[in-house]
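Only one structure is covered here, and it is reproduced in the block below.
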Amino acid sequence: MSGGSNVPAKILFFVTEDWYFCSHRLPLAVAAREAGHEVTVLTRVRQHGGVIKSHGLKLVPIELSRHGLNPLADLPLVARLVRIYREERPVLVHHVAMKPILYGSLAALMAGVPAVVNAFPGLGYLYASADPRARLARTLLESALRWLLKRPNTRTILQNSDDLERLAKNSVLEPARTVLIRGSGVDLSEYVPQPEPDGVPLVLLASRMLWDKGVGEFVTAARDLCDRGIAARFALVGGTDSGNPRAVSIAQLNAWNKSEVVEWRGRQDDMPAVFADSHIVCLPTYYGEGVPKVLIEAAACGRPIVATDIGGCREIVKHGENGLLVPPRDPVALAEALGILIRDPALRARMGHRGRQIAERNFSVEKVVRETLAVYRGLLAA
């Protein structure tokens, strides 16, 4: 490719869901447009198409499922992608998550797209699961990724050092073509610290309602603390994900809600207000996380965090500084850590203050946008 790094180019984002694009990639796309690039968004459109177009971005709808990788069944999807890439003629495509990375990279190769950025927001279920079927699928997937990610016109973005080391150890990628950008960033002017509300401490788990996010362990820990007479409230915030086999059923969520141990509030749009109403934020996930955005948001809002000691969570939670890390799938350790913070408001305040400092230093959306645009410039200048 030629023409210099500052020449405007046509950039296409391929993200499976419109809500995810708006939540995690919209500021980046807007910054690229403001830098003079023409930006197209390829995604499944449900409720956020108007938001995308209102920011001056071209929207190309596509129907697909983000769940599962079946190359034979997905051949029509690859053919559609090749046709779209040839029609749109992007100079650079930015794929987010496993299915867009795998099929989008293949389509970009067939359509002759000059530059490809592949961004992993974590490695997901295939890498977190010990199921033999997941291990087999992982082996087959890595064979394809070795071929696609090592092409000279590509860059791979990973969110945490654990994922980078794992893929490099398995020779899936080349470190020279890989960039570490921690998370998708948050708007620090929107997510700001607020004083703790009065009353009994509220412990919050905000996430998609998936078993792999540690929802079951959270409920077990909450029940244990309540049985011990520790005064606290517990709330789940997030919608269900009916297309995901690891989703918690609505019936189960309603049953927990009726038990009066844990309240299920469903999906909430005003997350700064949700954090302001809380005292502690918890994410006992064992999913293949990148850097969970909800934990960055919680830190920016000055809330102490209890999370699992896994890659991704360790990027934002520093044990003993802005939160506590516990082993995954361990509700006893989770209850113990939550109990420490429930009983100690001074410790919560210190950890919350430190969390804001960490968010300001490492996780602003401006930092993430700046680092990603630098990746674009490097490819466009090649």
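By convention in this document, the chains of the structure tokens carry letters A, B, ... by their order, each chain's residues are numbered from 1, and ligands are numbered from 1 in the order they are shown.
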Item to complete: Excluding A:Arg356 and residues on its chain fewer than 6 positions from it, collect all residues at most 12 Å away from it, counting only C-alpha atoms, and give them as a ChimeraX atom specification.
Response: /A:186,188-189,191-194,295-305,316-317,321-323,349-350,362-364
Worksheet item: Neighbours of A:Asn170 within 12 Å (only C-alpha atoms; same-chain residues fewer than 4 positions away dropped), as a list in words?
Response: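 Residues near the query, excluding close chain neighbours: Arg138, Thr139, Leu141, Glu142, Ser143, Leu145, Arg146, Asp163, Leu164, Glu165, Arg166, Glu174 and Pro175 of chain A.
You can rank A:Leu283, A:Val261, A:Val375, A:Ala107 by their closest distance to A:Gly229 using only C-alpha atoms, and at the top of that list sits A:Val261.
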From stretch 257-367 of chain A, collect each residue whose DSSP state is helix (DSSP H, G or I) and return the set as a CSV table (one decimal) with N, CA and C atoms, in the first residue's frame.
```
chain,number,residue,atom,x,y,z
A,257,ASN,N,-35.0,-13.7,41.9
A,257,ASN,CA,-35.5,-12.4,42.2
A,257,ASN,C,-36.6,-12.6,43.3
A,258,LYS,N,-37.4,-13.6,43.2
A,258,LYS,CA,-38.5,-13.9,44.1
A,258,LYS,C,-37.9,-14.4,45.5
A,259,SER,N,-36.7,-14.9,45.5
A,259,SER,CA,-36.1,-15.4,46.7
A,259,SER,C,-35.7,-14.3,47.7
A,271,MET,N,-25.7,3.3,32.9
A,271,MET,CA,-24.8,2.6,33.8
A,271,MET,C,-24.1,3.5,34.9
A,272,PRO,N,-23.8,4.8,34.5
A,272,PRO,CA,-23.2,5.6,35.6
A,272,PRO,C,-24.2,5.7,36.8
A,273,ALA,N,-25.5,5.8,36.6
A,273,ALA,CA,-26.4,5.9,37.7
A,273,ALA,C,-26.5,4.6,38.4
A,274,VAL,N,-26.3,3.4,37.7
A,274,VAL,CA,-26.3,2.1,38.3
A,274,VAL,C,-25.1,2.0,39.3
A,275,PHE,N,-24.0,2.5,38.8
A,275,PHE,CA,-22.8,2.4,39.7
A,275,PHE,C,-22.9,3.3,40.9
A,276,ALA,N,-23.5,4.5,40.7
A,276,ALA,CA,-23.7,5.5,41.7
A,276,ALA,C,-24.6,4.9,42.9
A,293,LYS,N,-15.2,-4.4,30.2
A,293,LYS,CA,-15.5,-3.0,30.3
A,293,LYS,C,-16.2,-2.6,31.5
A,294,VAL,N,-17.0,-3.5,32.1
A,294,VAL,CA,-17.8,-3.1,33.3
A,294,VAL,C,-16.8,-2.9,34.4
A,295,LEU,N,-15.7,-3.5,34.5
A,295,LEU,CA,-14.8,-3.3,35.6
A,295,LEU,C,-14.0,-2.0,35.4
A,296,ILE,N,-13.7,-1.6,34.1
A,296,ILE,CA,-13.1,-0.3,33.9
A,296,ILE,C,-14.1,0.8,34.3
A,297,GLU,N,-15.4,0.6,33.9
A,297,GLU,CA,-16.4,1.6,34.3
A,297,GLU,C,-16.5,1.7,35.8
A,298,ALA,N,-16.5,0.6,36.5
A,298,ALA,CA,-16.6,0.6,38.0
A,298,ALA,C,-15.4,1.3,38.6
A,299,ALA,N,-14.2,1.0,38.1
A,299,ALA,CA,-13.1,1.7,38.6
A,299,ALA,C,-13.2,3.2,38.4
A,300,ALA,N,-13.6,3.6,37.2
A,300,ALA,CA,-13.7,5.0,36.9
A,300,ALA,C,-14.7,5.7,37.8
A,313,CYS,N,-9.2,-9.6,33.9
A,313,CYS,CA,-9.6,-9.0,35.2
A,313,CYS,C,-8.3,-8.5,35.9
A,314,ARG,N,-7.2,-9.2,35.8
A,314,ARG,CA,-5.9,-8.7,36.4
A,314,ARG,C,-5.4,-7.5,35.8
A,315,GLU,N,-5.8,-7.2,34.6
A,315,GLU,CA,-5.4,-5.9,33.9
A,315,GLU,C,-5.9,-4.7,34.6
A,316,ILE,N,-7.1,-4.8,35.2
A,316,ILE,CA,-7.7,-3.6,35.8
A,316,ILE,C,-7.8,-3.7,37.3
A,331,PRO,N,-17.2,-20.0,45.2
A,331,PRO,CA,-18.1,-19.1,45.9
A,331,PRO,C,-17.8,-18.8,47.4
A,332,VAL,N,-17.0,-19.7,48.0
A,332,VAL,CA,-16.6,-19.5,49.4
A,332,VAL,C,-15.6,-18.4,49.5
A,333,ALA,N,-14.6,-18.4,48.6
A,333,ALA,CA,-13.6,-17.3,48.6
A,333,ALA,C,-14.3,-16.0,48.2
A,334,LEU,N,-15.2,-16.1,47.2
A,334,LEU,CA,-16.0,-14.9,46.8
A,334,LEU,C,-16.7,-14.3,47.9
A,335,ALA,N,-17.4,-15.1,48.7
A,335,ALA,CA,-18.2,-14.6,49.9
A,335,ALA,C,-17.3,-13.9,50.9
A,336,GLU,N,-16.1,-14.5,51.1
A,336,GLU,CA,-15.2,-14.0,52.1
A,336,GLU,C,-14.7,-12.6,51.6
A,337,ALA,N,-14.3,-12.5,50.3
A,337,ALA,CA,-13.8,-11.2,49.8
A,337,ALA,C,-14.9,-10.1,49.9
A,338,LEU,N,-16.1,-10.5,49.5
A,338,LEU,CA,-17.2,-9.5,49.5
A,338,LEU,C,-17.5,-9.1,51.0
A,339,GLY,N,-17.4,-10.1,51.9
A,339,GLY,CA,-17.7,-9.8,53.3
A,339,GLY,C,-16.7,-8.7,53.9
A,340,ILE,N,-15.4,-8.9,53.4
A,340,ILE,CA,-14.4,-7.9,53.9
A,340,ILE,C,-14.8,-6.5,53.5
A,341,LEU,N,-15.2,-6.3,52.2
A,341,LEU,CA,-15.5,-5.0,51.8
A,341,LEU,C,-16.9,-4.5,52.3
A,342,ILE,N,-17.8,-5.4,52.5
A,342,ILE,CA,-19.1,-5.0,53.0
A,342,ILE,C,-19.0,-4.4,54.4
A,343,ARG,N,-18.1,-5.0,55.2
A,343,ARG,CA,-17.9,-4.6,56.6
A,343,ARG,C,-17.0,-3.4,56.8
A,345,PRO,N,-16.2,0.3,55.3
A,345,PRO,CA,-16.4,1.4,54.4
A,345,PRO,C,-15.2,2.2,54.1
A,346,ALA,N,-14.3,2.3,55.0
A,346,ALA,CA,-13.0,3.0,54.8
A,346,ALA,C,-12.2,2.3,53.8
A,347,LEU,N,-12.1,1.0,53.8
A,347,LEU,CA,-11.4,0.2,52.8
A,347,LEU,C,-12.0,0.4,51.4
A,348,ARG,N,-13.4,0.4,51.4
A,348,ARG,CA,-14.0,0.7,50.1
A,348,ARG,C,-13.6,2.0,49.5
A,349,ALA,N,-13.6,3.0,50.4
A,349,ALA,CA,-13.3,4.4,49.9
A,349,ALA,C,-11.8,4.4,49.4
A,350,ARG,N,-10.9,3.8,50.1
A,350,ARG,CA,-9.5,3.8,49.6
A,350,ARG,C,-9.4,3.1,48.3
A,351,MET,N,-10.0,1.9,48.2
A,351,MET,CA,-9.9,1.2,46.9
A,351,MET,C,-10.6,1.9,45.8
A,352,GLY,N,-11.7,2.5,46.1
A,352,GLY,CA,-12.4,3.3,45.0
A,352,GLY,C,-11.6,4.4,44.5
A,353,HIS,N,-10.9,5.1,45.4
A,353,HIS,CA,-10.1,6.2,45.0
A,353,HIS,C,-8.9,5.7,44.1
A,354,ARG,N,-8.3,4.6,44.5
A,354,ARG,CA,-7.2,4.1,43.7
A,354,ARG,C,-7.7,3.6,42.4
A,355,GLY,N,-8.9,3.0,42.3
A,355,GLY,CA,-9.4,2.5,41.0
A,355,GLY,C,-9.6,3.7,40.1
A,356,ARG,N,-10.1,4.8,40.5
A,356,ARG,CA,-10.2,6.0,39.6
A,356,ARG,C,-8.8,6.4,39.1
A,357,GLN,N,-7.8,6.3,39.9
A,357,GLN,CA,-6.5,6.7,39.4
A,357,GLN,C,-6.0,5.7,38.3
A,358,ILE,N,-6.3,4.4,38.5
A,358,ILE,CA,-5.9,3.4,37.5
A,358,ILE,C,-6.6,3.6,36.2
A,359,ALA,N,-7.9,3.9,36.3
A,359,ALA,CA,-8.7,4.2,35.1
A,359,ALA,C,-8.2,5.4,34.4
A,360,GLU,N,-7.9,6.4,35.1
A,360,GLU,CA,-7.4,7.6,34.4
A,360,GLU,C,-6.0,7.4,33.7
A,361,ARG,N,-5.2,6.6,34.3
A,361,ARG,CA,-3.8,6.4,33.8
A,361,ARG,C,-3.9,5.4,32.6
A,362,ASN,N,-4.7,4.4,32.6
A,362,ASN,CA,-4.6,3.3,31.6
A,362,ASN,C,-5.8,3.1,30.7
A,365,VAL,N,-11.0,6.3,27.1
A,365,VAL,CA,-11.3,6.0,25.7
A,365,VAL,C,-10.4,6.7,24.7
A,366,GLU,N,-9.9,7.9,25.2
A,366,GLU,CA,-9.0,8.6,24.3
A,366,GLU,C,-7.7,7.9,24.1
A,367,LYS,N,-7.2,7.2,25.1
A,367,LYS,CA,-6.0,6.4,25.0
A,367,LYS,C,-6.1,5.3,24.0
```
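Using only C-alpha atoms, the smallest distance between any of A:Gly290, A:Pro201, A:Asp344, A:Arg233 and A:Ile157 comes from A:Gly290.
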Worksheet entry | Between atom CA of A:Tyr127 and atom CA of A:Asp162 - distance in Å to one decimal | 11.6 Å
Discussion item. Just checking: using only C-alpha atoms, which residue out of A:Val172, A:Met98, A:Gly239, A:Gly320 ends up closest to A:Gly288?
Written reply: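 Ranked by minimum distance to A:Gly288, first place goes to A:Met98.
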Worksheet entry | Best match for closeness to A:Pro197 among A:Leu81, A:Ala222, A:Ile280, A:Met209, counting only C-alpha atoms |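 Of all the options, A:Ile280 lies closest to A:Pro197.
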Worksheet item: Leaving out stretch 7-20 of chain A and any residue of its chain fewer than 5 positions from it, which residues lie within 7 Å of it when counting only C-alpha atoms, given as a count of residues only?
Response: 22
